[in-house]
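Read the structure below first, then the notes.
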Amino acid sequence: MSDKRLYKSSANRIFAGVCGGIGEFFNVDPTLVRIITLIVMLFSFGTAAIIYVICFLLMPNAPIDDFETMKQANEDYTESKKQKKTKHFDDDFDSYFEKSKK
């Protein structure tokens, strides 16, 4: 018997990593799993969505065994945080106080 376990994916994650984890487990493209999941959700009247949420809650995250993988995940997280900062708010905030100083 194989020691292969089902985990939520940390590399192929779009929403929660459930479809990515299933794709990695079965050696199938995660995009194909996502498309199939979406089609099943449309025709199951919410049952597939409930199953997805249950999988999200019950499936463990994939363990990070490798230092390089952990380092890359940290860099990706840091980069995504930098991109999420809203420049519009900062620009408006700065320009407001620039005007009030004059």
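Chain labels A, B, ... are given in the sequence in which chains occur in the structure tokens; within each chain residues are numbered consecutively from 1, and ligands are likewise numbered from 1 in the order shown.
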
Next item on the list: Excluding region 57-59 of chain A and residues on its chain fewer than 5 positions from it, collect all residues at most 10 Å away from it, counting only C-alpha atoms, and give them as a ChimeraX atom specification.
Entry: /A:5-9,16-18,21,51-52

Notebook entry, point to check: Could you name the residues that touch Arg13 (chain A) at 12 Å or less, counting only C-alpha atoms, but leaving out those on the same chain fewer than 6 positions away, as a PyMOL selection string?
Noted result: chain A and resi 7+19-24+30-31+34+56+61-62+73

Next item on the list: Work out how far CA of Thr37 (chain A) is from CA of Pro63 (chain A), in Å to one decimal.
Entry: 24.3 Å

Margin query: Just to confirm, what's the straight-line distance from CA of Asp3 (chain A) to CA of Leu32 (chain A) in Å (one decimal)?
Written below: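 So the two atoms, CA of Asp3 (chain A) and CA of Leu32 (chain A), lie 24.4 Å apart.
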
Note to self: Need the shell around Met41 (chain A): protein/DNA/RNA residues with any atom at most 10 Å away, counting only C-alpha atoms. Skip same-chain ones fewer than 5 positions apart. Format as an NGL selection string?
What the structure shows: :A and (35-36 or 46-52)

Item checked: Point-to-point distance in Å for CA of Tyr77 (chain A) and CA of Phe26 (chain A) -> 26.8 Å

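The shortest atom-to-atom distance to Val28 (chain A), with only C-alpha atoms taken into account, belongs to A:Asn12 out of A:Phe45, A:Pro60, A:Asn12, A:Thr78.
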